[in-house]
Amino acid sequence: MSRTRLAAVLATTITCISCSRWDLPVEIPFQATWDNHAIACEGTTPALTDLRFYVTNPRLVDPAGREHDIRFATEFEWENDAVALIDLETGRGACAGGSPETYDRVIGVARAGDYRGLRFTVGVPFRLNHADLRTASPPLDRNDMHSQTVSGYKFLRAGVAAESGGFDIQISSEGCNGSVGYVTGCERPNRIEVFLPDFEPGDGVSVNLDRLRDVVNGLPAGKQNVFVTRKQP
């Protein structure tokens with residue numbers, strides 16, 4: 001989608017929703033980094049080989065610590081009312097074999113206010129994670145983001161090619177009981193809770209893949225992130 005069309009659709013959405021006092025436009029860009037430097041699929045090593053993940057339950061946090069929901073703009077193909085897909089790989093260069101479409105930001109609305117933090121979850125809610133992929137609506141209709149097992153969706157796919165210390169990982173729920181479409185629970189849900197203090201509307205988010213490489217092995221369910229940080233504009 002072109003930036004011109006994106007802006008036009010967003011303006012229409014905000015105008016419609018502002019009647020209900022949801023009048024603060026929210027646009028949160030995401031960037032892949034390695035050792036504090038932006039990386040891309042087409043760059044020299046270290047190069048991005050994959051970065052796709054689902055975002056759910058985004059909230060802005062006010063100075064008193066109260067959380068305020070962000071509503072996704074469902075007019076975009078990468079968001080529905082519950083889930084947004086961030087896809088920073090381009091299918092070119094070191095990301096050959098991926099998808100050419102990129103979705104680099106969460107777009108939505110919130111109630112106007114003074115905010116100093118951001119919370120969201122990397123993952124897919126249980127009720128959607130174990131539903132039937134064949135009847136799922138975008139952005140949950142992608143085979144490349146599903147394990148094709150009772151584990152459900154791949155919450156995060158990430159990889160980096162580097163002269164030393166490169167990696168490739170996928171995170172989904174583990175130890176799930178039942179059958180596809182009829183899962184009763186998972187021993188290790190593996191949804192990652194993210195909290196970014198000092199975040200203000202207009203800031204972005206850096207996914208620090210060198211830190212992810214260091215912590216992903218043995219990452220327990222519900223562990224607070226140490227690899228996602230606030231990025232000032």
# chains A, B, ... in the order shown; residues from 1 in each chain; ligands from 1
$ select_by_dssp --residues "segment 117-211 of chain A" --states "strand (DSSP E or B)" --output "PyMOL selection string"
chain A and resi 117-122+146+153+156-161+167-171+174-179+182-188+192-197+201+203-208
$ residues_around --residues "Asp81 of chain A" --least-positions-apart "4" --cutoff "9 Å" --atoms "only C-alpha atoms" --output "list in words"
Arg71, Phe72, Ala73 and Thr74 of chain A
$ atom_distance --atom1 "atom CA of Asp35 of chain A" --atom2 "atom CA of Thr102 of chain A"
22.7 Å
$ select_by_dssp --residues "segment 19-175 of chain A" --states "helix (DSSP H, G or I)" --output "list of chain:residue names"
A:Cys19, A:Ser20, A:Gly93, A:Ala94, A:Cys95, A:Phe126, A:Arg127, A:Leu128, A:Asn129, A:Leu133, A:Arg134, A:Thr135, A:Asn143, A:Asp144, A:Met145
$ closest_residue --among "A:Leu88, A:Leu209, A:Val180, A:Val160" --to "Phe30 of chain A" --atoms "only C-alpha atoms"
A:Leu88
$ closest_residue --among "A:Gly123, A:Gly166, A:Gly178, A:Pro201" --to "Met145 of chain A" --atoms "only C-alpha atoms"
A:Gly123
$ atom_distance --atom1 "atom CA of Asp23 of chain A" --atom2 "atom CA of Tyr115 of chain A"
14.2 Å
$ residues_around --residues "Gly175 of chain A" --least-positions-apart "4" --cutoff "7 Å" --atoms "only C-alpha atoms" --output "compact mmCIF listing (two decimals) with N, CA and C atoms, in the first residue's frame"
# COMPACT_ATOMS: atom_id res chain seq x y z
N CYS A 186 -1.92 -25.21 26.82
CA CYS A 186 -0.50 -25.39 26.48
C CYS A 186 0.34 -25.21 27.74
N GLU A 187 1.30 -26.10 27.93
CA GLU A 187 2.16 -26.00 29.10
C GLU A 187 3.03 -24.75 29.06
N ARG A 188 3.47 -24.37 27.86
CA ARG A 188 4.33 -23.18 27.69
C ARG A 188 3.71 -22.29 26.60
$ closest_residue --among "A:Val122, A:Gln31, A:His37, A:Leu24" --to "Phe195 of chain A" --atoms "only C-alpha atoms"
A:Val122
$ residues_around --residues "Asp114 of chain A" --least-positions-apart "4" --cutoff "9 Å" --atoms "only C-alpha atoms" --output "ChimeraX atom specification"
/A:61-63,200
$ decode --residues "segment 183-199 of chain A" --atoms "N, CA and C atoms" --output "compact mmCIF listing (two decimals), in the first residue's frame"
# COMPACT_ATOMS: atom_id res chain seq x y z
N VAL A 183 -7.67 -27.56 20.85
CA VAL A 183 -6.62 -27.55 21.86
C VAL A 183 -7.22 -27.10 23.19
N THR A 184 -6.88 -27.81 24.25
CA THR A 184 -7.43 -27.50 25.57
C THR A 184 -6.50 -26.64 26.42
N GLY A 185 -5.22 -26.58 26.07
CA GLY A 185 -4.27 -25.77 26.82
C GLY A 185 -2.85 -26.08 26.41
N CYS A 186 -1.92 -25.21 26.82
CA CYS A 186 -0.50 -25.39 26.48
C CYS A 186 0.34 -25.21 27.74
N GLU A 187 1.30 -26.10 27.93
CA GLU A 187 2.16 -26.00 29.10
C GLU A 187 3.03 -24.75 29.06
N ARG A 188 3.47 -24.37 27.86
CA ARG A 188 4.33 -23.18 27.69
C ARG A 188 3.71 -22.29 26.60
N PRO A 189 2.86 -21.33 27.00
CA PRO A 189 2.20 -20.47 26.00
C PRO A 189 3.19 -19.64 25.19
N ASN A 190 4.28 -19.18 25.83
CA ASN A 190 5.37 -18.47 25.16
C ASN A 190 4.96 -17.15 24.51
N ARG A 191 3.91 -16.53 25.02
CA ARG A 191 3.61 -15.17 24.58
C ARG A 191 4.52 -14.22 25.37
N ILE A 192 5.08 -13.25 24.68
CA ILE A 192 6.09 -12.38 25.28
C ILE A 192 5.46 -11.03 25.61
N GLU A 193 5.49 -10.66 26.88
CA GLU A 193 4.94 -9.38 27.32
C GLU A 193 6.01 -8.29 27.21
N VAL A 194 5.66 -7.22 26.55
CA VAL A 194 6.59 -6.11 26.31
C VAL A 194 6.13 -4.87 27.07
N PHE A 195 7.04 -4.24 27.78
CA PHE A 195 6.77 -2.96 28.43
C PHE A 195 7.90 -2.00 28.11
N LEU A 196 7.55 -0.86 27.54
CA LEU A 196 8.53 0.17 27.20
C LEU A 196 8.21 1.43 28.01
N PRO A 197 8.92 1.65 29.12
CA PRO A 197 8.71 2.87 29.88
C PRO A 197 9.23 4.07 29.10
N ASP A 198 8.70 5.23 29.43
CA ASP A 198 9.12 6.50 28.80
C ASP A 198 8.71 6.59 27.34
N PHE A 199 7.90 5.64 26.84
CA PHE A 199 7.42 5.71 25.46
C PHE A 199 6.34 6.78 25.36
